[in-house]
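Pasting final-v1.cif here (mmCIF, C-alpha atoms and all ligand atoms):
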```
data_run
#
loop_
_atom_site.group_PDB
_atom_site.id
_atom_site.type_symbol
_atom_site.label_atom_id
_atom_site.label_comp_id
_atom_site.auth_asym_id
_atom_site.auth_seq_id
_atom_site.Cartn_x
_atom_site.Cartn_y
_atom_site.Cartn_z
ATOM 1 C CA MET A 1 0.000 0.000 0.000
ATOM 2 C CA GLU A 2 1.234 3.474 -0.795
ATOM 3 C CA ILE A 3 0.681 5.732 2.219
ATOM 4 C CA ILE A 4 0.660 9.496 1.763
ATOM 5 C CA ILE A 5 0.403 11.594 4.930
ATOM 6 C CA GLN A 6 -0.466 15.260 4.458
ATOM 7 C CA PRO A 7 -0.693 18.100 6.989
ATOM 8 C CA ASP A 8 -4.455 18.552 6.490
ATOM 9 C CA HIS A 9 -7.432 17.394 4.477
ATOM 10 C CA VAL A 10 -7.166 20.263 2.009
ATOM 11 C CA GLN A 11 -3.676 19.267 0.885
ATOM 12 C CA ALA A 12 -4.616 15.581 0.985
ATOM 13 C CA SER A 13 -7.660 16.254 -1.219
ATOM 14 C CA GLU A 14 -5.497 18.161 -3.699
ATOM 15 C CA ILE A 15 -3.318 15.047 -4.140
ATOM 16 C CA ALA A 16 -6.383 12.804 -4.342
ATOM 17 C CA ALA A 17 -7.801 15.015 -7.113
ATOM 18 C CA ARG A 18 -4.527 14.868 -9.041
ATOM 19 C CA ILE A 19 -4.614 11.060 -8.843
ATOM 20 C CA VAL A 20 -8.203 10.872 -10.149
ATOM 21 C CA ALA A 21 -7.505 13.532 -12.809
ATOM 22 C CA ARG A 22 -4.492 11.618 -14.054
ATOM 23 C CA THR A 23 -6.639 8.496 -14.509
ATOM 24 C CA VAL A 24 -9.209 10.501 -16.498
ATOM 25 C CA ARG A 25 -6.540 12.162 -18.665
ATOM 26 C CA GLU A 26 -4.760 8.885 -19.400
ATOM 27 C CA LYS A 27 -8.005 7.069 -20.099
ATOM 28 C CA PRO A 28 -10.831 9.320 -21.334
ATOM 29 C CA HIS A 29 -13.256 6.392 -21.027
ATOM 30 C CA ALA A 30 -12.228 5.686 -17.440
ATOM 31 C CA VAL A 31 -14.649 4.001 -15.065
ATOM 32 C CA LEU A 32 -14.711 5.741 -11.689
ATOM 33 C CA GLY A 33 -15.931 4.129 -8.468
ATOM 34 C CA LEU A 34 -17.291 6.851 -6.204
ATOM 35 C CA ALA A 35 -18.013 7.226 -2.501
ATOM 36 C CA THR A 36 -20.228 9.528 -0.439
ATOM 37 C CA GLY A 37 -19.824 10.946 3.087
ATOM 38 C CA ASN A 38 -17.844 13.910 4.374
ATOM 39 C CA THR A 39 -14.461 12.565 3.354
ATOM 40 C CA PRO A 40 -14.555 13.030 -0.460
ATOM 41 C CA LEU A 41 -16.273 16.462 -0.402
ATOM 42 C CA GLN A 42 -13.081 18.465 -0.983
ATOM 43 C CA LEU A 43 -11.886 15.961 -3.606
ATOM 44 C CA TYR A 44 -15.158 16.495 -5.484
ATOM 45 C CA ARG A 45 -14.868 20.293 -5.220
ATOM 46 C CA ASN A 46 -11.370 19.987 -6.686
ATOM 47 C CA LEU A 47 -12.573 17.831 -9.584
ATOM 48 C CA VAL A 48 -15.332 20.326 -10.385
ATOM 49 C CA ARG A 49 -12.724 23.126 -10.332
ATOM 50 C CA MET A 50 -10.393 21.131 -12.623
ATOM 51 C CA HIS A 51 -13.288 20.538 -15.022
ATOM 52 C CA ARG A 52 -14.258 24.221 -15.046
ATOM 53 C CA GLU A 53 -10.817 25.825 -15.036
ATOM 54 C CA ASP A 54 -8.506 23.272 -16.667
ATOM 55 C CA GLY A 55 -10.973 21.618 -19.035
ATOM 56 C CA LEU A 56 -10.683 18.190 -17.380
ATOM 57 C CA ASP A 57 -13.146 16.285 -19.551
ATOM 58 C CA PHE A 58 -15.531 13.698 -18.121
ATOM 59 C CA ALA A 59 -17.606 13.239 -21.299
ATOM 60 C CA GLY A 60 -16.342 9.685 -21.795
ATOM 61 C CA VAL A 61 -16.311 8.717 -18.121
ATOM 62 C CA THR A 62 -18.645 6.178 -16.493
ATOM 63 C CA SER A 63 -19.236 6.097 -12.746
ATOM 64 C CA PHE A 64 -20.452 3.560 -10.223
ATOM 65 C CA ASN A 65 -21.269 4.549 -6.677
ATOM 66 C CA LEU A 66 -20.505 2.217 -3.819
ATOM 67 C CA ASP A 67 -23.847 2.178 -2.069
ATOM 68 C CA GLU A 68 -27.335 3.528 -1.417
ATOM 69 C CA TYR A 69 -29.930 3.305 1.365
ATOM 70 C CA VAL A 70 -32.779 0.841 0.871
ATOM 71 C CA GLY A 71 -36.217 2.456 0.878
ATOM 72 C CA ILE A 72 -34.930 5.995 0.329
ATOM 73 C CA PRO A 73 -36.091 7.445 -3.016
ATOM 74 C CA PRO A 74 -33.435 9.137 -5.200
ATOM 75 C CA ALA A 75 -35.033 12.553 -4.663
ATOM 76 C CA HIS A 76 -34.839 12.255 -0.841
ATOM 77 C CA PRO A 77 -32.407 14.924 0.437
ATOM 78 C CA SER A 78 -30.382 12.322 2.371
ATOM 79 C CA SER A 79 -30.139 9.797 -0.471
ATOM 80 C CA PHE A 80 -26.718 9.210 -1.968
ATOM 81 C CA HIS A 81 -28.285 10.101 -5.336
ATOM 82 C CA SER A 82 -29.007 13.595 -3.984
ATOM 83 C CA TYR A 83 -25.560 13.864 -2.438
ATOM 84 C CA MET A 84 -23.813 12.904 -5.684
ATOM 85 C CA TRP A 85 -25.754 15.344 -7.836
ATOM 86 C CA ALA A 86 -25.291 18.182 -5.348
ATOM 87 C CA GLN A 87 -21.601 17.576 -4.656
ATOM 88 C CA LEU A 88 -20.244 16.346 -7.978
ATOM 89 C CA PHE A 89 -22.376 15.437 -10.972
ATOM 90 C CA SER A 90 -24.037 18.848 -11.371
ATOM 91 C CA GLY A 91 -20.546 20.355 -11.771
ATOM 92 C CA LEU A 92 -19.139 17.819 -14.262
ATOM 93 C CA ASN A 93 -20.023 16.665 -17.772
ATOM 94 C CA ILE A 94 -20.451 12.936 -17.122
ATOM 95 C CA PRO A 95 -23.393 11.924 -19.368
ATOM 96 C CA LYS A 96 -26.403 11.115 -17.199
ATOM 97 C CA ASP A 97 -26.718 7.625 -18.662
ATOM 98 C CA HIS A 98 -23.110 6.864 -17.655
ATOM 99 C CA ILE A 99 -23.902 7.440 -13.968
ATOM 100 C CA ASN A 100 -24.721 4.379 -11.888
ATOM 101 C CA ILE A 101 -25.906 4.328 -8.276
ATOM 102 C CA PRO A 102 -27.551 1.297 -6.650
ATOM 103 C CA ASP A 103 -31.353 1.528 -6.718
ATOM 104 C CA GLY A 104 -32.527 1.646 -3.120
ATOM 105 C CA MET A 105 -36.172 1.471 -4.236
ATOM 106 C CA THR A 106 -35.918 -1.726 -6.259
ATOM 107 C CA ALA A 107 -38.640 -4.337 -5.687
ATOM 108 C CA ASP A 108 -36.126 -7.141 -6.299
ATOM 109 C CA VAL A 109 -32.900 -6.459 -4.405
ATOM 110 C CA PRO A 110 -30.953 -9.603 -5.427
ATOM 111 C CA ALA A 111 -31.758 -9.034 -9.120
ATOM 112 C CA ALA A 112 -30.782 -5.352 -8.881
ATOM 113 C CA CYS A 113 -27.480 -6.340 -7.216
ATOM 114 C CA ARG A 114 -26.706 -8.882 -9.950
ATOM 115 C CA LYS A 115 -27.519 -6.257 -12.578
ATOM 116 C CA TYR A 116 -25.180 -3.760 -10.887
ATOM 117 C CA GLU A 117 -22.311 -6.259 -10.911
ATOM 118 C CA GLN A 118 -23.027 -7.009 -14.582
ATOM 119 C CA ALA A 119 -23.067 -3.301 -15.438
ATOM 120 C CA ILE A 120 -19.617 -2.858 -13.833
ATOM 121 C CA ARG A 121 -18.291 -5.797 -15.857
ATOM 122 C CA SER A 122 -19.884 -4.503 -19.088
ATOM 123 C CA ALA A 123 -18.261 -1.101 -18.532
ATOM 124 C CA GLY A 124 -14.876 -2.852 -18.421
ATOM 125 C CA GLY A 125 -14.371 -2.828 -14.640
ATOM 126 C CA ILE A 126 -13.557 0.058 -12.316
ATOM 127 C CA ASP A 127 -10.274 1.867 -12.997
ATOM 128 C CA ILE A 128 -10.114 3.802 -9.747
ATOM 129 C CA GLN A 129 -12.320 3.312 -6.697
ATOM 130 C CA VAL A 130 -12.571 6.221 -4.249
ATOM 131 C CA LEU A 131 -13.132 5.017 -0.683
ATOM 132 C CA GLY A 132 -13.701 6.485 2.753
ATOM 133 C CA ILE A 133 -13.524 4.371 5.882
ATOM 134 C CA GLY A 134 -16.032 4.143 8.728
ATOM 135 C CA THR A 135 -15.032 4.570 12.349
ATOM 136 C CA ASN A 136 -15.633 0.811 12.587
ATOM 137 C CA GLY A 137 -13.359 0.046 9.624
ATOM 138 C CA HIS A 138 -16.094 -0.428 7.020
ATOM 139 C CA ILE A 139 -15.499 0.442 3.358
ATOM 140 C CA GLY A 140 -18.583 1.002 1.270
ATOM 141 C CA PHE A 141 -21.207 -0.263 3.698
ATOM 142 C CA ASN A 142 -19.384 -3.528 4.260
ATOM 143 C CA GLU A 143 -19.760 -3.676 8.001
ATOM 144 C CA PRO A 144 -17.473 -5.725 10.278
ATOM 145 C CA SER A 145 -18.012 -9.467 9.661
ATOM 146 C CA SER A 146 -18.655 -8.888 5.926
ATOM 147 C CA SER A 147 -17.307 -11.659 3.745
ATOM 148 C CA LEU A 148 -13.945 -10.608 2.361
ATOM 149 C CA SER A 149 -15.058 -11.831 -1.072
ATOM 150 C CA SER A 150 -18.613 -10.429 -0.988
ATOM 151 C CA ARG A 151 -20.320 -8.955 -4.048
ATOM 152 C CA THR A 152 -22.998 -6.249 -4.329
ATOM 153 C CA ARG A 153 -25.802 -7.141 -1.920
ATOM 154 C CA ILE A 154 -28.068 -5.917 0.862
ATOM 155 C CA LYS A 155 -26.441 -5.221 4.237
ATOM 156 C CA THR A 156 -27.794 -4.275 7.646
ATOM 157 C CA LEU A 157 -26.101 -1.258 9.189
ATOM 158 C CA THR A 158 -24.513 -1.464 12.627
ATOM 159 C CA GLU A 159 -25.659 0.837 15.412
ATOM 160 C CA GLN A 160 -22.331 2.683 15.147
ATOM 161 C CA THR A 161 -22.827 3.432 11.445
ATOM 162 C CA ARG A 162 -26.422 4.518 12.015
ATOM 163 C CA ALA A 163 -25.231 6.854 14.781
ATOM 164 C CA ASP A 164 -22.541 8.252 12.437
ATOM 165 C CA ALA A 165 -25.227 8.911 9.772
ATOM 166 C CA ALA A 166 -27.762 10.416 12.209
ATOM 167 C CA ALA A 167 -26.944 14.050 11.402
ATOM 168 C CA ALA A 168 -27.794 13.571 7.712
ATOM 169 C CA PHE A 169 -31.226 12.183 8.619
ATOM 170 C CA GLY A 170 -32.035 14.489 11.526
ATOM 171 C CA GLY A 171 -31.777 11.683 14.108
ATOM 172 C CA GLU A 172 -30.690 8.078 14.377
ATOM 173 C CA GLU A 173 -34.236 6.690 14.312
ATOM 174 C CA ALA A 174 -34.668 8.052 10.770
ATOM 175 C CA VAL A 175 -31.535 6.295 9.418
ATOM 176 C CA PRO A 176 -32.522 3.248 7.346
ATOM 177 C CA ASN A 177 -31.450 -0.160 8.631
ATOM 178 C CA HIS A 178 -30.628 -1.549 5.217
ATOM 179 C CA VAL A 179 -28.393 -0.555 2.339
ATOM 180 C CA ILE A 180 -27.243 -1.934 -0.986
ATOM 181 C CA THR A 181 -23.459 -1.901 -1.174
ATOM 182 C CA MET A 182 -20.758 -3.135 -3.500
ATOM 183 C CA GLY A 183 -19.048 -6.040 -1.796
ATOM 184 C CA LEU A 184 -15.441 -6.301 -0.716
ATOM 185 C CA GLY A 185 -14.828 -8.631 -3.670
ATOM 186 C CA THR A 186 -16.342 -6.006 -5.986
ATOM 187 C CA ILE A 187 -14.058 -3.310 -4.550
ATOM 188 C CA MET A 188 -11.027 -5.614 -4.781
ATOM 189 C CA ASP A 189 -11.666 -6.068 -8.527
ATOM 190 C CA SER A 190 -10.977 -2.336 -9.090
ATOM 191 C CA ARG A 191 -7.666 -1.663 -10.802
ATOM 192 C CA MET A 192 -6.778 0.976 -8.222
ATOM 193 C CA CYS A 193 -8.212 1.958 -4.844
ATOM 194 C CA LEU A 194 -7.875 5.461 -3.438
ATOM 195 C CA LEU A 195 -8.646 5.400 0.274
ATOM 196 C CA LEU A 196 -9.068 8.740 2.047
ATOM 197 C CA ALA A 197 -9.391 9.387 5.782
ATOM 198 C CA PHE A 198 -9.306 12.630 7.714
ATOM 199 C CA GLY A 199 -9.557 13.566 11.373
ATOM 200 C CA LYS A 200 -8.646 11.871 14.623
ATOM 201 C CA LYS A 201 -11.834 9.851 14.811
ATOM 202 C CA LYS A 202 -10.492 7.790 11.877
ATOM 203 C CA ALA A 203 -7.045 7.154 13.422
ATOM 204 C CA ARG A 204 -7.937 3.811 14.998
ATOM 205 C CA ALA A 205 -9.680 2.434 11.883
ATOM 206 C CA ILE A 206 -6.745 3.492 9.682
ATOM 207 C CA ALA A 207 -4.155 1.906 11.966
ATOM 208 C CA GLN A 208 -6.135 -1.335 12.072
ATOM 209 C CA ALA A 209 -6.801 -1.387 8.335
ATOM 210 C CA VAL A 210 -3.210 -0.606 7.331
ATOM 211 C CA GLU A 211 -1.062 -2.233 10.013
ATOM 212 C CA GLY A 212 -3.360 -4.741 11.687
ATOM 213 C CA PRO A 213 -4.208 -8.254 10.560
ATOM 214 C CA VAL A 214 -6.428 -8.796 7.520
ATOM 215 C CA THR A 215 -9.761 -9.587 9.086
ATOM 216 C CA ALA A 216 -13.464 -9.372 8.279
ATOM 217 C CA MET A 217 -13.794 -7.495 11.582
ATOM 218 C CA VAL A 218 -11.958 -4.565 9.925
ATOM 219 C CA PRO A 219 -13.243 -4.713 6.345
ATOM 220 C CA GLY A 220 -10.827 -2.008 5.134
ATOM 221 C CA SER A 221 -7.927 -4.341 6.018
ATOM 222 C CA ILE A 222 -8.694 -6.370 2.860
ATOM 223 C CA LEU A 223 -6.994 -3.544 0.940
ATOM 224 C CA GLN A 224 -3.674 -4.958 2.178
ATOM 225 C CA MET A 225 -4.322 -7.687 -0.406
ATOM 226 C CA HIS A 226 -4.988 -5.196 -3.223
ATOM 227 C CA PRO A 227 -2.109 -4.748 -5.700
ATOM 228 C CA ARG A 228 -2.598 -0.992 -6.073
ATOM 229 C CA THR A 229 -4.067 0.933 -3.163
ATOM 230 C CA ILE A 230 -3.106 4.513 -2.373
ATOM 231 C CA LEU A 231 -4.038 5.825 1.065
ATOM 232 C CA VAL A 232 -4.124 9.592 1.504
ATOM 233 C CA VAL A 233 -4.595 10.736 5.108
ATOM 234 C CA ASP A 234 -4.157 13.891 7.120
ATOM 235 C CA ARG A 235 -1.896 13.942 10.190
ATOM 236 C CA GLU A 236 -4.774 13.308 12.582
ATOM 237 C CA ALA A 237 -5.971 10.172 10.803
ATOM 238 C CA ALA A 238 -2.331 8.986 10.656
ATOM 239 C CA ALA A 239 -1.836 9.500 14.406
ATOM 240 C CA GLU A 240 -1.968 5.800 15.352
ATOM 241 C CA LEU A 241 0.171 4.472 12.486
ATOM 242 C CA ARG A 242 3.233 2.894 14.080
ATOM 243 C CA MET A 243 5.346 3.323 10.939
ATOM 244 C CA ALA A 244 4.240 6.896 10.159
ATOM 245 C CA ASP A 245 7.834 8.199 10.191
ATOM 246 C CA TYR A 246 8.790 5.632 7.582
ATOM 247 C CA TYR A 247 5.806 6.513 5.343
ATOM 248 C CA LEU A 248 6.716 10.206 5.563
ATOM 249 C CA TRP A 249 10.341 9.441 4.752
ATOM 250 C CA VAL A 250 9.347 7.345 1.738
ATOM 251 C CA ASN A 251 7.299 10.216 0.357
ATOM 252 C CA THR A 252 9.930 12.869 0.751
ATOM 253 C CA HIS A 253 12.522 10.616 -0.926
ATOM 254 C CA LYS A 254 10.494 9.595 -3.944
ATOM 255 C CA PRO A 255 12.002 10.044 -7.363
ATOM 256 C CA ASP A 256 10.308 12.929 -9.205
ATOM 257 C CA TRP A 257 8.563 10.640 -11.678
ATOM 258 C CA GLN A 258 6.742 8.923 -8.810
ATOM 259 C CA LYS A 259 5.338 12.129 -7.297
ATOM 260 C CA TYR A 260 1.725 13.250 -7.669
HETATM 261 P P1 LIG A 301 -17.412 9.873 6.258
HETATM 262 O O1 LIG A 301 -17.901 8.384 6.139
HETATM 263 O O2 LIG A 301 -16.670 10.182 4.993
HETATM 264 O O3 LIG A 301 -18.672 10.701 6.384
HETATM 265 O O4 LIG A 301 -16.535 9.965 7.458
HETATM 266 C C1 LIG A 301 -16.993 7.421 5.683
HETATM 267 C C2 LIG A 301 -17.635 6.039 5.734
HETATM 268 O O5 LIG A 301 -18.448 5.786 6.631
HETATM 269 O O6 LIG A 301 -17.303 5.201 4.893
#
```
Write out the structure in this file as structure tokens.
Amino acid sequence: MEIIIQPDHVQASEIAARIVARTVREKPHAVLGLATGNTPLQLYRNLVRMHREDGLDFAGVTSFNLDEYVGIPPAHPSSFHSYMWAQLFSGLNIPKDHINIPDGMTADVPAACRKYEQAIRSAGGIDIQVLGIGTNGHIGFNEPSSSLSSRTRIKTLTEQTRADAAAAFGGEEAVPNHVITMGLGTIMDSRMCLLLAFGKKKARAIAQAVEGPVTAMVPGSILQMHPRTILVVDREAAAELRMADYYLWVNTHKPDWQKY
């Protein structure tokens, strides 16, 4: 895993945007895997700026979001559909029919999940998957105990995750119990993973995912098995990494051609 520690989330999100932009420039028909939550907000603002000011072109890009709440219509203000349009899609030129988000209102969840997996395959697979991490180590909504080879499916949220999402729904009781999420196997099929984490409340999850054992109890730890994962964290999220000094040293001693 490549570990990039930055002073704050603004500088970290600048690097994350350069990594995504490079993928889009190198491959105009790139397939992006996208995440929601607070973590990628600055990354998305940067991508919108690069589109507007530098002409970064998303016309050929296809996107797949990680997850969506079951029973929440797309137009609901707390749906991930709403989030994605507000934070990213309205500011880019990805064609509407290239945008894929799991359908939380489907009458047949297993069929919709199979169709989602098929759509990812038909698009050629995900080139770069943006990920946040939950305070409990989840990626996507793959909660602790998720199969390390799981595919897109329904999951039941833990109390911790529902508490973390309470603000978006105006209270924990309004947070849905169920979600559709790409599985850990789906995420592992991506050609590159870009994991972002900011703030001290993520320090434990990051330390466990990066330096702890690979275990279904910390779903993000499966990324240790991924051939190309880049982790970009701020200092606070890096606080519990035992080898932080080494990661910082590696980054300052990179040859120029390896820098972002
Ligand atoms: P956050 O959520 O970006 O809002 O912290 C991350 C996650 O739960 O995966």
* Decode the PyMOL selection byres (((chain A and resi 23-29) around 9) and not hetatm) for the given file into explicit residues and return them as an MDAnalysis selection string. => chainID A and resid 18:22 30:32 56:62 127:128
* Applied to this file, what does the PyMOL selection byres (((not hetatm)) within 6 of (chain A and resi 301)) return in terms of residues, put as a VMD selection string? -> chain A and resid 37 to 39 132 to 134 139 to 140
Using 5 Å of padding on each side, determine the axis-aligned box around all atoms of region 238-255 of chain A present in the file and give its centre and edge lengths in Å to one decimal, as AutoDock Vina command-line options.
```
--center_x 5.1 --center_y 7.9 --center_z 4.0 --size_x 24.9 --size_y 20.0 --size_z 32.7
```
Contact residues around Ala237 (chain A) with only C-alpha atoms at 12 Å, ignoring same-chain residues under 3 positions, as a JSON list (two decimals) with C-alpha atoms, in the coordinates of the input:
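As a result, around03.json now contains:
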```
[["chain", "number", "residue", "atom", "x", "y", "z"],
["A", 3, "ILE", "CA", 0.68, 5.73, 2.22],
["A", 4, "ILE", "CA", 0.66, 9.50, 1.76],
["A", 5, "ILE", "CA", 0.40, 11.59, 4.93],
["A", 6, "GLN", "CA", -0.47, 15.26, 4.46],
["A", 7, "PRO", "CA", -0.69, 18.10, 6.99],
["A", 8, "ASP", "CA", -4.46, 18.55, 6.49],
["A", 9, "HIS", "CA", -7.43, 17.39, 4.48],
["A", 12, "ALA", "CA", -4.62, 15.58, 0.98],
["A", 39, "THR", "CA", -14.46, 12.56, 3.35],
["A", 132, "GLY", "CA", -13.70, 6.48, 2.75],
["A", 133, "ILE", "CA", -13.52, 4.37, 5.88],
["A", 134, "GLY", "CA", -16.03, 4.14, 8.73],
["A", 135, "THR", "CA", -15.03, 4.57, 12.35],
["A", 195, "LEU", "CA", -8.65, 5.40, 0.27],
["A", 196, "LEU", "CA", -9.07, 8.74, 2.05],
["A", 197, "ALA", "CA", -9.39, 9.39, 5.78],
["A", 198, "PHE", "CA", -9.31, 12.63, 7.71],
["A", 199, "GLY", "CA", -9.56, 13.57, 11.37],
["A", 200, "LYS", "CA", -8.65, 11.87, 14.62],
["A", 201, "LYS", "CA", -11.83, 9.85, 14.81],
["A", 202, "LYS", "CA", -10.49, 7.79, 11.88],
["A", 203, "ALA", "CA", -7.04, 7.15, 13.42],
["A", 204, "ARG", "CA", -7.94, 3.81, 15.00],
["A", 205, "ALA", "CA", -9.68, 2.43, 11.88],
["A", 206, "ILE", "CA", -6.74, 3.49, 9.68],
["A", 207, "ALA", "CA", -4.16, 1.91, 11.97],
["A", 208, "GLN", "CA", -6.14, -1.34, 12.07],
["A", 209, "ALA", "CA", -6.80, -1.39, 8.34],
["A", 210, "VAL", "CA", -3.21, -0.61, 7.33],
["A", 231, "LEU", "CA", -4.04, 5.82, 1.06],
["A", 232, "VAL", "CA", -4.12, 9.59, 1.50],
["A", 233, "VAL", "CA", -4.60, 10.74, 5.11],
["A", 234, "ASP", "CA", -4.16, 13.89, 7.12],
["A", 240, "GLU", "CA", -1.97, 5.80, 15.35],
["A", 241, "LEU", "CA", 0.17, 4.47, 12.49],
["A", 244, "ALA", "CA", 4.24, 6.90, 10.16]]
```
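The smallest atom-to-atom distance between Gln224 (chain A) and any of A:Asp67, A:Asp256, A:Glu2, A:Glu173, using all atoms listed in the file, is found for A:Glu2.
The set of residues that the PyMOL selection byres (((chain A and resi 116) around 10) and not hetatm) takes from this file is A:Phe64, A:Asn100, A:Ile101, A:Pro102, A:Asp103, A:Pro110, A:Ala111, A:Ala112, A:Cys113, A:Arg114, A:Lys115, A:Glu117, A:Gln118, A:Ala119, A:Ile120, A:Arg121, A:Ser122, A:Arg151, A:Thr152, A:Arg153, A:Met182.
When all atoms listed in the file are used to compute distances to Asn93 (chain A), the closest of the residues A:Met50, A:Ala35, A:Val250, A:Leu148 turns out to be A:Met50.
The closest residue to Met105 (chain A), picked from A:Lys155, A:Arg52, A:His138, A:His178 and counting all atoms listed in the file, is A:His178.
In this structure, CA of Phe80 (chain A) sits 6.7 Å away from CA of Thr36 (chain A).
The coordinates place CA of Phe169 (chain A) at 12.9 Å from CA of Ser82 (chain A).
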* Pairwise distance for CA of Val218 (chain A) and CA of Gly104 (chain A), rounded to one decimal in Å -> 25.1 Å
Neighbouring residues of Glu159 (chain A) were defined as those with any atom within 12 Å, considering only C-alpha atoms; residues of the same chain fewer than 3 positions away were excluded. Please report them as a PDB file with C-alpha atoms, in the coordinates of the input.
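The result, written out as part39.pdb:
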```
ATOM      1  CA  THR A 135     -15.032   4.570  12.349  1.00  0.00           C
ATOM      2  CA  ASN A 136     -15.633   0.811  12.587  1.00  0.00           C
ATOM      3  CA  GLU A 143     -19.760  -3.676   8.001  1.00  0.00           C
ATOM      4  CA  PRO A 144     -17.473  -5.725  10.278  1.00  0.00           C
ATOM      5  CA  THR A 156     -27.794  -4.275   7.646  1.00  0.00           C
ATOM      6  CA  ARG A 162     -26.422   4.518  12.015  1.00  0.00           C
ATOM      7  CA  ALA A 163     -25.231   6.854  14.781  1.00  0.00           C
ATOM      8  CA  ASP A 164     -22.541   8.252  12.437  1.00  0.00           C
ATOM      9  CA  ALA A 165     -25.227   8.911   9.772  1.00  0.00           C
ATOM     10  CA  ALA A 166     -27.762  10.416  12.209  1.00  0.00           C
ATOM     11  CA  GLU A 172     -30.690   8.078  14.377  1.00  0.00           C
ATOM     12  CA  GLU A 173     -34.236   6.690  14.312  1.00  0.00           C
ATOM     13  CA  VAL A 175     -31.535   6.295   9.418  1.00  0.00           C
ATOM     14  CA  PRO A 176     -32.522   3.248   7.346  1.00  0.00           C
ATOM     15  CA  ASN A 177     -31.450  -0.160   8.631  1.00  0.00           C
ATOM     16  CA  HIS A 178     -30.628  -1.549   5.217  1.00  0.00           C
TER      17      HIS A 178
END
```
Quick one: which region 228-247 of chain A residues come within 12 Å of region 188-191 of chain A, and what is the nearest atom pair for each with the distance in Å to one decimal, counting only C-alpha atoms, rows ordered by chain and ascending number, as a Markdown table?
```
| residue | atom | partner | partner_atom | distance |
| --- | --- | --- | --- | --- |
| A:Arg228 | CA | A:Arg191 | CA | 7.0 |
| A:Thr229 | CA | A:Arg191 | CA | 8.8 |
| A:Ile230 | CA | A:Arg191 | CA | 11.4 |
```
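The shortest atom-to-atom distance to Ile154 (chain A), with all atoms listed in the file taken into account, belongs to A:Asp108 out of A:Asp245, A:Glu53, A:Asp108, A:Glu14.
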* Structure fact -> Restricting to only C-alpha atoms, whichever of A:Ser149, A:Gln11, A:Ser78, A:Lys96 is closest to Gly170 (chain A) is A:Ser78
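Distances here use only C-alpha atoms; by that measure, the residue among A:Leu88, A:Leu223, A:Ile180, A:Val10 closest to Met192 (chain A) is A:Leu223.
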